[in-house]
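Engineer: To be precise about what I am sending: the file is called model20.cif and holds mmCIF, C-alpha atoms and all ligand atoms.
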data_start
loop_
_atom_site.label_atom_id
_atom_site.label_comp_id
_atom_site.auth_asym_id
_atom_site.auth_seq_id
_atom_site.Cartn_x
_atom_site.Cartn_y
_atom_site.Cartn_z
CA MET A 1 9.00 24.47 5.94
CA ASN A 2 8.19 22.62 2.75
CA GLU A 3 8.40 18.87 3.32
CA HIS A 4 9.84 18.26 -0.15
CA PRO A 5 12.04 21.30 -0.66
CA GLU A 6 13.90 20.19 -3.76
CA PHE A 7 12.00 17.68 -5.76
CA THR A 8 10.53 18.86 -8.99
CA VAL A 9 8.09 17.60 -11.55
CA GLU A 10 8.91 18.99 -14.97
CA THR A 11 6.96 18.74 -18.18
CA GLU A 12 8.60 18.43 -21.56
CA ASN A 13 6.66 18.63 -24.84
CA ILE A 14 3.33 18.05 -23.07
CA GLU A 15 0.99 19.93 -20.78
CA ALA A 16 -0.12 18.47 -17.48
CA THR A 17 -3.09 19.48 -15.37
CA GLN A 18 -2.84 20.41 -11.71
CA GLU A 19 -4.55 17.11 -10.78
CA GLN A 20 -2.02 15.11 -12.76
CA LEU A 21 0.91 16.91 -11.14
CA GLU A 22 -0.69 16.48 -7.73
CA ALA A 23 -1.02 12.72 -8.29
CA VAL A 24 2.71 12.55 -9.01
CA TYR A 25 3.60 14.64 -5.95
CA GLU A 26 1.31 12.51 -3.79
CA ALA A 27 2.99 9.33 -5.02
CA VAL A 28 6.51 10.69 -4.43
CA ARG A 29 5.63 11.79 -0.89
CA ALA A 30 4.02 8.46 -0.05
CA VAL A 31 7.07 6.49 -1.24
CA LEU A 32 9.55 8.73 0.60
CA ARG A 33 7.52 8.41 3.79
CA ALA A 34 6.99 4.66 3.55
CA GLU A 35 10.60 3.96 2.67
CA ARG A 36 11.88 6.32 5.38
CA ALA A 37 13.65 8.34 2.71
CA GLU A 38 12.42 11.79 3.65
CA GLY A 39 14.96 14.41 2.69
CA ARG A 40 15.90 12.57 -0.47
CA TYR A 41 14.42 13.68 -3.78
CA PRO A 42 13.98 12.67 -7.41
CA CYS A 43 13.59 14.67 -10.58
CA ILE A 44 10.49 13.67 -12.50
CA ILE A 45 9.88 14.50 -16.13
CA LEU A 46 6.46 14.09 -17.68
CA THR A 47 6.85 13.90 -21.41
CA ASP A 48 5.55 12.48 -24.71
CA ASP A 49 6.12 9.20 -26.55
CA ASP A 50 8.82 10.53 -28.89
CA THR A 51 10.96 11.84 -26.04
CA ILE A 52 10.72 8.68 -23.94
CA HIS A 53 11.30 6.61 -27.09
CA ALA A 54 14.57 8.47 -27.73
CA CYS A 55 15.72 7.89 -24.12
CA ASN A 56 14.70 4.26 -24.20
CA ARG A 57 16.74 3.80 -27.39
CA ASP A 58 19.78 5.78 -26.28
CA TYR A 59 20.09 4.54 -22.71
CA ARG A 60 18.44 1.13 -22.76
CA SER A 61 18.86 0.11 -26.41
CA VAL A 62 15.14 -0.56 -26.62
CA ASP A 63 13.79 1.01 -29.79
CA ARG A 64 10.23 1.87 -28.78
CA PRO A 65 8.32 4.17 -26.43
CA THR A 66 7.57 2.93 -22.93
CA ASP A 67 5.53 4.09 -19.92
CA VAL A 68 8.25 4.83 -17.37
CA LEU A 69 12.05 4.93 -17.22
CA SER A 70 14.11 5.41 -14.09
CA PHE A 71 17.74 6.41 -13.80
CA PRO A 72 19.09 5.94 -10.26
CA ALA A 73 21.65 8.63 -9.43
CA ASP A 74 24.14 6.07 -8.16
CA GLU A 75 24.18 4.21 -11.48
CA GLY A 76 25.06 7.17 -13.65
CA GLU A 77 28.34 7.51 -15.49
CA ASP A 78 29.24 9.81 -12.64
CA LEU A 79 31.64 12.40 -13.82
CA LEU A 80 30.29 14.31 -10.88
CA ALA A 81 29.01 12.79 -7.67
CA PRO A 82 25.22 13.28 -7.38
CA PRO A 83 24.17 16.07 -5.03
CA ASP A 84 23.29 15.03 -1.48
CA GLY A 85 19.96 13.30 -1.29
CA PHE A 86 19.38 13.18 -5.05
CA LEU A 87 17.81 9.83 -5.96
CA GLY A 88 17.85 10.09 -9.74
CA ASP A 89 15.51 10.80 -12.64
CA ILE A 90 12.17 9.34 -13.59
CA MET A 91 10.68 9.90 -17.02
CA ILE A 92 7.02 9.13 -17.65
CA SER A 93 5.19 9.24 -20.98
CA VAL A 94 1.82 10.85 -20.40
CA PRO A 95 0.30 9.63 -23.70
CA THR A 96 1.30 6.04 -22.87
CA ALA A 97 -0.04 6.45 -19.34
CA GLU A 98 -3.26 7.74 -20.84
CA ARG A 99 -3.65 4.71 -23.11
CA GLN A 100 -2.93 2.32 -20.24
CA ALA A 101 -5.37 4.13 -17.97
CA SER A 102 -8.14 3.81 -20.50
CA GLU A 103 -7.37 0.12 -21.16
CA LEU A 104 -7.42 -0.55 -17.44
CA GLY A 105 -10.51 1.53 -16.81
CA HIS A 106 -9.09 3.98 -14.31
CA SER A 107 -8.10 7.65 -14.35
CA LEU A 108 -4.91 9.08 -15.80
CA GLU A 109 -4.07 10.44 -12.32
CA ARG A 110 -4.10 6.92 -10.94
CA GLU A 111 -1.92 5.61 -13.72
CA LEU A 112 0.55 8.47 -13.19
CA ALA A 113 0.63 7.74 -9.44
CA PHE A 114 1.24 4.07 -10.18
CA LEU A 115 4.07 4.77 -12.64
CA THR A 116 5.62 7.25 -10.20
CA VAL A 117 5.56 4.68 -7.38
CA HIS A 118 7.14 2.14 -9.72
CA GLY A 119 9.91 4.52 -10.77
CA MET A 120 10.53 5.68 -7.20
CA LEU A 121 10.92 2.11 -5.96
CA HIS A 122 13.52 1.54 -8.68
CA LEU A 123 15.42 4.65 -7.58
CA LEU A 124 15.37 3.24 -4.04
CA GLY A 125 16.93 -0.03 -5.15
CA TYR A 126 13.96 -2.28 -5.86
CA ASP A 127 13.88 -4.30 -9.06
CA HIS A 128 11.88 -7.04 -10.70
CA ILE A 129 14.44 -9.19 -12.47
CA GLU A 130 14.45 -12.15 -10.05
CA PRO A 131 11.05 -13.59 -9.05
CA ASP A 132 11.67 -13.00 -5.32
CA ASP A 133 12.64 -9.39 -5.93
CA GLU A 134 9.65 -8.98 -8.17
CA SER A 135 7.17 -10.17 -5.56
CA ARG A 136 8.79 -7.89 -3.00
CA MET A 137 8.51 -4.93 -5.34
CA LEU A 138 4.94 -5.76 -6.31
CA ALA A 139 3.92 -6.02 -2.67
CA ARG A 140 5.43 -2.63 -1.90
CA GLN A 141 3.78 -1.18 -4.95
CA ARG A 142 0.39 -2.57 -4.03
CA ALA A 143 0.61 -1.32 -0.46
CA LEU A 144 1.67 2.14 -1.56
CA ILE A 145 -1.04 2.44 -4.19
CA ALA A 146 -3.62 1.30 -1.65
CA GLU A 147 -2.42 4.11 0.57
CA ILE A 148 -2.39 6.78 -2.14
CA GLU A 149 -5.61 5.79 -3.90
CA PRO A 150 -8.04 7.41 -1.44
CA ARG A 151 -6.23 10.73 -1.78
CA LEU A 152 -6.57 10.90 -5.55
CA ALA A 153 -9.47 12.56 -7.34
CA PRO A 154 -12.35 11.26 -5.22
CA LYS A 155 -14.85 11.71 -8.05
CA ASP A 156 -13.22 8.85 -9.88
CA GLY A 157 -14.86 5.73 -8.53
CA ALA A 158 -12.96 3.34 -10.76
CA ARG A 159 -10.41 1.19 -9.05
CA PHE A 160 -7.00 0.14 -10.26
CA ALA A 161 -7.07 -2.84 -12.51
CA GLU A 162 -5.99 -6.28 -11.40
CA GLY A 163 -2.29 -6.67 -10.76
CA LYS A 164 -1.71 -2.99 -10.28
CA THR A 165 -3.15 -2.55 -6.86
CA PHE A 166 -5.47 -4.02 -4.37
CA THR A 167 -8.72 -2.86 -2.89
CA GLY A 168 -11.50 -4.34 -0.81
CA GLU A 169 -13.14 -5.74 -3.92
CA ASP A 170 -9.98 -7.61 -4.77
CA GLU A 171 -9.39 -9.13 -1.41
CA LYS A 172 -10.54 -12.62 -2.32
CA GLN A 173 -8.46 -12.60 -5.47
CA MET A 174 -5.10 -12.42 -3.75
CA GLY A 175 -4.06 -15.95 -4.44
CA PRO A 176 -2.42 -18.51 -2.16
CA ASN A 177 0.73 -18.21 -4.27
CA GLU A 178 1.46 -14.82 -2.85
CA ILE A 179 1.86 -15.84 0.78
CA THR A 180 4.28 -18.70 0.17
CA GLU A 181 6.69 -16.40 -1.61
CA MET A 182 6.84 -13.76 1.01
CA SER A 183 7.18 -14.13 4.72
CA ILE A 184 4.80 -12.31 7.03
CA LYS A 185 7.70 -10.10 7.97
CA GLU A 186 8.02 -8.83 4.44
CA ARG A 187 4.28 -8.21 4.24
CA LYS A 188 4.03 -6.19 7.44
CA SER A 189 3.91 -2.82 5.75
CA GLU A 190 1.43 -4.11 3.17
CA LEU A 191 -0.92 -5.35 5.91
CA ILE A 192 -0.65 -2.04 7.73
CA ALA A 193 -1.29 -0.02 4.58
CA LEU A 194 -4.34 -2.14 3.88
CA ALA A 195 -5.62 -1.73 7.45
CA LEU A 196 -5.28 2.04 6.95
CA LYS A 197 -7.14 1.67 3.68
CA ALA A 198 -9.90 -0.46 5.25
CA ARG A 199 -10.42 2.37 7.74
CA GLU A 200 -11.79 4.51 4.90
CA ARG A 201 -14.96 2.43 4.93
CA ALA A 202 -15.61 2.75 8.66
CA TYR A 203 -19.23 3.58 9.53
CA VAL A 204 -18.79 5.79 12.58
CA PRO A 205 -21.49 8.49 12.78
CA TYR A 206 -21.38 8.46 16.61
CA SER A 207 -17.73 8.31 17.61
CA GLY A 208 -16.11 9.54 14.41
CA PHE A 209 -13.26 7.18 15.32
CA ARG A 210 -12.36 5.12 12.26
CA VAL A 211 -10.58 1.79 12.61
CA GLY A 212 -9.42 -0.61 9.91
CA ALA A 213 -8.09 -4.15 10.13
CA CYS A 214 -6.37 -6.48 7.70
CA LEU A 215 -6.30 -10.19 8.44
CA LEU A 216 -3.99 -12.55 6.56
CA THR A 217 -5.12 -16.17 6.38
CA ARG A 218 -2.78 -19.15 6.36
CA SER A 219 -3.92 -19.81 2.81
CA GLY A 220 -2.64 -16.41 1.77
CA GLN A 221 -5.92 -14.52 1.49
CA LEU A 222 -6.49 -11.08 2.90
CA PHE A 223 -9.68 -9.92 4.57
CA LEU A 224 -10.28 -6.28 5.39
CA GLY A 225 -12.62 -4.97 8.09
CA CYS A 226 -13.78 -1.65 9.46
CA ASN A 227 -15.75 -0.67 12.55
CA ILE A 228 -19.50 -0.39 12.04
CA GLU A 229 -21.47 1.56 14.62
CA ASN A 230 -25.15 1.42 15.48
CA ALA A 231 -27.67 3.90 16.88
CA ALA A 232 -28.27 1.48 19.76
CA TYR A 233 -24.48 1.52 20.44
CA SER A 234 -24.00 -2.00 21.81
CA PRO A 235 -24.54 -3.79 18.46
CA THR A 236 -21.48 -1.92 17.17
CA ASN A 237 -18.86 -4.17 15.60
CA CYS A 238 -15.11 -3.57 15.67
CA ALA A 239 -12.87 -3.67 12.58
CA GLU A 240 -11.00 -6.76 13.76
CA ARG A 241 -14.17 -8.77 14.25
CA THR A 242 -15.58 -7.57 10.93
CA ALA A 243 -12.48 -8.91 9.17
CA LEU A 244 -12.52 -12.15 11.18
CA PHE A 245 -16.22 -12.81 10.63
CA LYS A 246 -15.90 -12.12 6.92
CA ALA A 247 -13.08 -14.65 6.74
CA VAL A 248 -14.81 -17.34 8.82
CA SER A 249 -18.02 -16.95 6.86
CA GLU A 250 -16.01 -17.59 3.70
CA GLY A 251 -14.59 -20.80 5.13
CA GLU A 252 -11.23 -19.49 6.38
CA THR A 253 -10.42 -20.49 9.96
CA GLU A 254 -6.62 -20.38 10.10
CA PHE A 255 -4.83 -17.09 10.37
CA ALA A 256 -1.27 -15.88 9.97
CA ALA A 257 -1.24 -12.20 10.98
CA LEU A 258 -3.41 -9.20 11.81
CA ALA A 259 -2.86 -5.47 11.36
CA VAL A 260 -5.03 -2.81 13.02
CA ALA A 261 -4.91 0.94 12.40
CA SER A 262 -6.99 4.01 13.24
CA ASP A 263 -7.07 7.78 12.93
CA SER A 264 -5.25 8.17 16.21
CA GLU A 265 -1.65 9.22 16.67
CA HIS A 266 -1.48 6.43 19.26
CA TYR A 267 -1.04 2.77 18.34
CA THR A 268 -4.36 0.99 17.87
CA TYR A 269 -4.86 -2.07 20.03
CA PRO A 270 -7.75 -4.51 19.66
CA CYS A 271 -10.35 -4.14 22.40
CA GLY A 272 -10.89 -6.90 24.97
CA VAL A 273 -13.86 -8.36 23.13
CA CYS A 274 -11.88 -8.68 19.89
CA ARG A 275 -8.92 -10.23 21.69
CA GLN A 276 -11.27 -12.90 23.05
CA VAL A 277 -12.95 -13.54 19.70
CA LEU A 278 -9.59 -13.71 17.91
CA SER A 279 -8.31 -16.23 20.45
CA GLU A 280 -11.07 -18.61 19.36
CA PHE A 281 -9.40 -18.97 15.95
CA CYS A 282 -5.88 -17.60 16.16
CA ALA A 283 -2.79 -19.00 17.86
CA ALA A 284 -1.24 -17.12 20.78
CA GLU A 285 1.89 -16.76 18.61
CA MET A 286 0.06 -15.00 15.77
CA PRO A 287 1.73 -11.64 15.09
CA VAL A 288 -0.43 -8.54 15.55
CA PHE A 289 0.71 -5.17 14.16
CA CYS A 290 -0.86 -2.25 16.03
CA ALA A 291 -0.45 0.89 13.90
CA ASN A 292 -1.21 4.56 14.22
CA ARG A 293 -2.56 6.85 11.52
CA ASP A 294 0.92 7.41 10.08
CA GLY A 295 1.58 3.70 9.72
CA SER A 296 4.06 3.54 12.60
CA PHE A 297 3.36 0.40 14.56
CA ILE A 298 4.33 -1.91 17.34
CA GLU A 299 4.44 -5.61 16.82
CA THR A 300 3.04 -7.98 19.41
CA THR A 301 1.23 -11.32 19.41
CA LEU A 302 -2.29 -12.32 20.27
CA GLY A 303 -0.92 -14.07 23.37
CA GLY A 304 0.85 -10.86 24.30
CA LEU A 305 -2.45 -9.00 24.06
CA LEU A 306 -4.45 -11.66 25.90
CA PRO A 307 -2.32 -13.80 28.19
CA MET A 308 -3.91 -16.81 29.90
CA ALA A 309 -6.88 -16.60 27.55
CA PHE A 310 -9.93 -18.76 28.12
CA THR A 311 -10.16 -20.99 25.03
CA LYS A 312 -11.93 -24.17 23.94
CA GLU A 313 -9.00 -26.17 25.38
CA ASP A 314 -10.08 -25.04 28.85
CA MET A 315 -13.53 -26.56 28.53
CA GLY A 316 -12.40 -30.17 28.95
CA SER A 317 -13.28 -31.88 32.23
ZN ZN B 1 -12.90 -4.75 19.30
#
Represent the structure from my file as structure tokens, please.
Ligand SMILES: [Zn+2]
Structural biologist:
Amino acid sequence: MNEHPEFTVETENIEATQEQLEAVYEAVRAVLRAERAEGRYPCIILTDDDTIHACNRDYRSVDRPTDVLSFPADEGEDLLAPPDGFLGDIMISVPTAERQASELGHSLERELAFLTVHGMLHLLGYDHIEPDDESRMLARQRALIAEIEPRLAPKDGARFAEGKTFTGEDEKQMGPNEITEMSIKERKSELIALALKARERAYVPYSGFRVGACLLTRSGQLFLGCNIENAAYSPTNCAERTALFKAVSEGETEFAALAVASDSEHYTYPCGVCRQVLSEFCAAEMPVFCANRDGSFIETTLGGLLPMAFTKEDMGS
């Protein structure tokens, strides 16, 4: 059974390669999964500047080409009710995407995936008119792109440009402004997506069991970690401690939340050693999101994972 029976990607006045179409499909699937909207479907049209210009003028009264337009099914002039599950239309200009990709230094596939995610989030009700809504949408976008990125054309080493997504190299650049705007609750899925992403860098020649962690500091920075194994086994370091040690060595000692994820279908819990190390720096109330490979998770706290912990407070006479 096809997991996306109805959704189509059409081309109009342009030709698209298999890789470009695949990037769009990948982005649609990732959004439907993450937003729990499986079974719903969009119609996506890849086209040229003239065609998107005409639509932009006729439907939005904006007389120029643009990169992406989305038309949610429930906002149409509705002479007919939309068919069950139909989300609406997304139109993307491939030539504009191409120009943006080259300005930003990444592949056209990545730009198409980004524009598809953006359009899909609009069809699902996200917008970026109010600042709060905008930061929510940007966070979703970033998390989704982080998730999709490893699956796109692996030969392309370039990363998304600033503001469009978020990778390990960017982790220090996530500013303090971002955390104050969004509660930890709203960032849960972002932290989990980034933990899944961090897993891609795991060095695990012995166990083959990849783990990733994403640690959010009180100052709003994100630190990613993966597990790093060693031929002598015992010097192996877990993902959670990698993230924590990176943060502490950069001067961060106060933490707001942790997400952990692995390749397993089971939820990924920090090991006993990591629980102890985390309790040196993190409050018992700190939320911990333990995810599986699909991004499903359970939410607990450090105190829930390590009750009656031995901490520095217990060393007094
Ligand atoms: Zn551990």
Engineer: In terms of the shortest atom-to-atom distance over only C-alpha atoms, which of A:Asp132, A:Glu109, A:Glu190, A:Glu252 is closest to Ala23 in chain A?
Structural biologist: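 So, comparing all the options, the nearest one is A:Glu109.
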Engineer: Distance limit 6 Å, reference ligand ZN 1 (chain B), atoms considered: only C-alpha atoms and all ligand atoms. Which residues make the cut? Give them as a list in words.
Structural biologist: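 Residues lying within 6 Å of ligand ZN 1 (chain B): Cys238, Pro270, Cys271, Val273 and Cys274 of chain A.
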Engineer: To one decimal place in Å, what is the distance between CA of Met137 in chain A and CA of Glu186 in chain A?
Structural biologist: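 Distance between the two atoms: 10.5 Å.
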Engineer: Considering only C-alpha atoms, can you say which of A:Cys226, A:Leu104, A:Leu21, A:Leu69 comes closest to His53 in chain A?
Structural biologist: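 For His53 in chain A, the nearest of the candidates is A:Leu69.
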Engineer: For Asn230 in chain A, which of A:Ser279, A:Gln20, A:Ser264, A:Ser207 is the closest residue, counting only C-alpha atoms?
Structural biologist: A:Ser207
Engineer: In Å to one decimal, how far is CA of Thr96 in chain A from CA of Ala73 in chain A?
Structural biologist: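 Taking CA of Ala73 in chain A and CA of Thr96 in chain A, their separation equals 24.5 Å.
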Engineer: Go ahead and compute the interatomic distance for CA of Leu144 in chain A and CA of Val117 in chain A, in Å to one decimal.
Structural biologist: 7.4 Å
Engineer: May I ask which of the residues A:Asp89, A:Asp58, A:Glu229, A:Glu26 is the closest one to Phe71 in chain A, counting all atoms listed in the file?
Structural biologist: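 Counting all atoms listed in the file, the residue closest to Phe71 in chain A is A:Asp89.
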Engineer: With only C-alpha atoms as the counted atoms, please give the residues lying no more than 10 Å from Leu87 in chain A, apart from itself and same-chain residues fewer than 2 positions off, as a compact mmCIF listing (two decimals) with C-alpha atoms, in the coordinates of the input.
Structural biologist:
# COMPACT_ATOMS: atom_id res chain seq x y z
CA PHE A 7 12.00 17.68 -5.76
CA ALA A 37 13.65 8.34 2.71
CA ARG A 40 15.90 12.57 -0.47
CA TYR A 41 14.42 13.68 -3.78
CA PRO A 42 13.98 12.67 -7.41
CA CYS A 43 13.59 14.67 -10.58
CA SER A 70 14.11 5.41 -14.09
CA PHE A 71 17.74 6.41 -13.80
CA PRO A 72 19.09 5.94 -10.26
CA ALA A 73 21.65 8.63 -9.43
CA ASP A 74 24.14 6.07 -8.16
CA PRO A 82 25.22 13.28 -7.38
CA PRO A 83 24.17 16.07 -5.03
CA ASP A 84 23.29 15.03 -1.48
CA GLY A 85 19.96 13.30 -1.29
CA ASP A 89 15.51 10.80 -12.64
CA ILE A 90 12.17 9.34 -13.59
CA MET A 120 10.53 5.68 -7.20
CA HIS A 122 13.52 1.54 -8.68
CA LEU A 123 15.42 4.65 -7.58
CA LEU A 124 15.37 3.24 -4.04
CA GLY A 125 16.93 -0.03 -5.15
